[in-house]
Amino acid sequence: MMNRRRWVAGAALAAAAAARSPAQARIPSAESAQLAPPHADFGPVVPPRPAPALPVRTSTSQDTDLPRLLEGRACAVQLMFTGCSATCPIQGAVFADTARRLSAAGLEERSVRLLSLSIDPLGDSPAALHAWLRQHGGSPLWMAAVPRRADGGRRMLDFLRAGRPGPDPHTGQVHVFDRQGRWVFKSADLPSSREIVGWLERVASQR
């Protein structure tokens, strides 16, 4: 019953988030970005930071590394784990709506990607990630992966400065990477799907 209540509450929060104004989806210009502290809780990442060479396994059992998954397209990354019953269902609902909006906008897999990255290498598997994606609707634009090293989840939490104390150690932030696989923007907690689409459109248009 508790999980059901959390899911209903999560769906309501996701729907409310999706209704925010698209004007909030803008990534600040390079000039204004210089005014943002490089270690702020959210906003532009200045200077951009290359993704760590983290070995991962995708939901289709492909062994690769994080830079290869990110390179060549604008990518929005969320940290999650399939055993989570609090934040992660909300994150899944938001990414599902983001994928629908990206498809409706005519954005293709070669230009944008959504990545759900597990922080639980010991508990998650490709099969679990595949089932999690299907539970939330899935999309060719949306994939999931899990680190192949036991410390991979902690490495990503530290790299993205996205950790917090407690049994659910990750935030609901979304992290945007550019075509060169560099981390360029981090959102506030649980951004809307409209905001994510706006960020990806802007980053995808940059060369």
# chains A, B, ... in the order shown; residues from 1 in each chain; ligands from 1
>>> closest_atom_pairs(of="stretch 111-179 of chain A", to="stretch 72-78 of chain A", cutoff="6 Å", atoms="only C-alpha atoms", output="Markdown table")
| residue | atom | partner | partner_atom | distance |
| --- | --- | --- | --- | --- |
| A:Ser111 | CA | A:Arg73 | CA | 4.6 |
| A:Val112 | CA | A:Ala74 | CA | 4.7 |
| A:Arg113 | CA | A:Cys75 | CA | 4.7 |
| A:Leu114 | CA | A:Ala76 | CA | 5.0 |
| A:Leu115 | CA | A:Val77 | CA | 4.8 |
| A:Ser116 | CA | A:Gln78 | CA | 5.0 |
| A:Val174 | CA | A:Gln78 | CA | 5.0 |
| A:His175 | CA | A:Val77 | CA | 5.0 |
| A:Val176 | CA | A:Ala76 | CA | 4.5 |
| A:Phe177 | CA | A:Cys75 | CA | 5.1 |
| A:Asp178 | CA | A:Ala74 | CA | 4.8 |
| A:Arg179 | CA | A:Gly72 | CA | 4.5 |
>>> residues_around(residues="A:Cys88", least_positions_apart="3", cutoff="10 Å", atoms="only C-alpha atoms", output="PyMOL selection string")
chain A and resi 7+10+78-85+91-94+116+168+170-172
>>> write_last_selection(atoms="N, CA and C atoms", output="PDB file, in the first residue's frame")
ATOM      1  N   TRP A   7       3.678   5.887  -5.478  1.00  0.00           N
ATOM      2  CA  TRP A   7       3.559   5.974  -6.939  1.00  0.00           C
ATOM      3  C   TRP A   7       2.517   7.014  -7.334  1.00  0.00           C
ATOM      4  N   GLY A  10       3.899  10.313  -6.712  1.00  0.00           N
ATOM      5  CA  GLY A  10       4.932  10.606  -7.702  1.00  0.00           C
ATOM      6  C   GLY A  10       4.336  11.005  -9.031  1.00  0.00           C
ATOM      7  N   GLN A  78      19.882  10.856 -15.670  1.00  0.00           N
ATOM      8  CA  GLN A  78      19.341  10.813 -14.318  1.00  0.00           C
ATOM      9  C   GLN A  78      19.956   9.624 -13.594  1.00  0.00           C
ATOM     10  N   LEU A  79      20.224   9.763 -12.299  1.00  0.00           N
ATOM     11  CA  LEU A  79      20.693   8.656 -11.475  1.00  0.00           C
ATOM     12  C   LEU A  79      19.492   8.003 -10.806  1.00  0.00           C
ATOM     13  N   MET A  80      19.484   6.664 -10.753  1.00  0.00           N
ATOM     14  CA  MET A  80      18.334   5.935 -10.229  1.00  0.00           C
ATOM     15  C   MET A  80      18.766   4.540  -9.828  1.00  0.00           C
ATOM     16  N   PHE A  81      17.844   3.735  -9.308  1.00  0.00           N
ATOM     17  CA  PHE A  81      18.037   2.294  -9.160  1.00  0.00           C
ATOM     18  C   PHE A  81      16.663   1.651  -9.118  1.00  0.00           C
ATOM     19  N   THR A  82      16.574   0.443  -9.652  1.00  0.00           N
ATOM     20  CA  THR A  82      15.254  -0.148  -9.877  1.00  0.00           C
ATOM     21  C   THR A  82      14.547  -0.526  -8.579  1.00  0.00           C
ATOM     22  N   GLY A  83      15.278  -0.704  -7.485  1.00  0.00           N
ATOM     23  CA  GLY A  83      14.651  -1.032  -6.213  1.00  0.00           C
ATOM     24  C   GLY A  83      14.097   0.161  -5.469  1.00  0.00           C
ATOM     25  N   CYS A  84      14.257   1.355  -6.034  1.00  0.00           N
ATOM     26  CA  CYS A  84      13.791   2.583  -5.391  1.00  0.00           C
ATOM     27  C   CYS A  84      12.277   2.722  -5.567  1.00  0.00           C
ATOM     28  N   SER A  85      11.581   3.050  -4.475  1.00  0.00           N
ATOM     29  CA  SER A  85      10.124   3.230  -4.546  1.00  0.00           C
ATOM     30  C   SER A  85       9.704   4.646  -4.198  1.00  0.00           C
ATOM     31  N   GLN A  91      11.027  10.009 -11.330  1.00  0.00           N
ATOM     32  CA  GLN A  91      12.011  10.233 -12.385  1.00  0.00           C
ATOM     33  C   GLN A  91      11.636   9.463 -13.654  1.00  0.00           C
ATOM     34  N   GLY A  92      11.182   8.222 -13.483  1.00  0.00           N
ATOM     35  CA  GLY A  92      10.779   7.439 -14.643  1.00  0.00           C
ATOM     36  C   GLY A  92       9.608   8.071 -15.366  1.00  0.00           C
ATOM     37  N   ALA A  93       8.624   8.581 -14.621  1.00  0.00           N
ATOM     38  CA  ALA A  93       7.466   9.231 -15.241  1.00  0.00           C
ATOM     39  C   ALA A  93       7.882  10.491 -15.998  1.00  0.00           C
ATOM     40  N   VAL A  94       8.800  11.256 -15.428  1.00  0.00           N
ATOM     41  CA  VAL A  94       9.248  12.479 -16.089  1.00  0.00           C
ATOM     42  C   VAL A  94      10.018  12.151 -17.366  1.00  0.00           C
ATOM     43  N   SER A 116      19.092   6.693 -18.126  1.00  0.00           N
ATOM     44  CA  SER A 116      18.875   6.392 -16.712  1.00  0.00           C
ATOM     45  C   SER A 116      20.047   5.526 -16.259  1.00  0.00           C
ATOM     46  N   ASP A 168      18.235   6.507   0.461  1.00  0.00           N
ATOM     47  CA  ASP A 168      18.132   6.856  -0.964  1.00  0.00           C
ATOM     48  C   ASP A 168      19.179   7.937  -1.232  1.00  0.00           C
ATOM     49  N   HIS A 170      20.650   9.401  -3.780  1.00  0.00           N
ATOM     50  CA  HIS A 170      20.768  10.268  -4.942  1.00  0.00           C
ATOM     51  C   HIS A 170      19.684  11.331  -4.966  1.00  0.00           C
ATOM     52  N   THR A 171      19.930  12.390  -5.704  1.00  0.00           N
ATOM     53  CA  THR A 171      18.936  13.435  -5.901  1.00  0.00           C
ATOM     54  C   THR A 171      18.109  13.125  -7.147  1.00  0.00           C
ATOM     55  N   GLY A 172      17.091  13.941  -7.379  1.00  0.00           N
ATOM     56  CA  GLY A 172      16.276  13.800  -8.586  1.00  0.00           C
ATOM     57  C   GLY A 172      16.705  14.762  -9.678  1.00  0.00           C
TER      58      GLY A 172
END
>>> closest_residue(among="A:Thr60, A:Arg110, A:Ala105, A:Lys186", to="A:Ser125", atoms="only C-alpha atoms")
A:Thr60
>>> closest_residue(among="A:Pro147, A:Asp124, A:Ala131, A:Gln173", to="A:Arg161", atoms="only C-alpha atoms")
A:Gln173
>>> closest_residue(among="A:Thr98, A:Asp120, A:Val56, A:Val203", to="A:Pro191", atoms="only C-alpha atoms")
A:Thr98
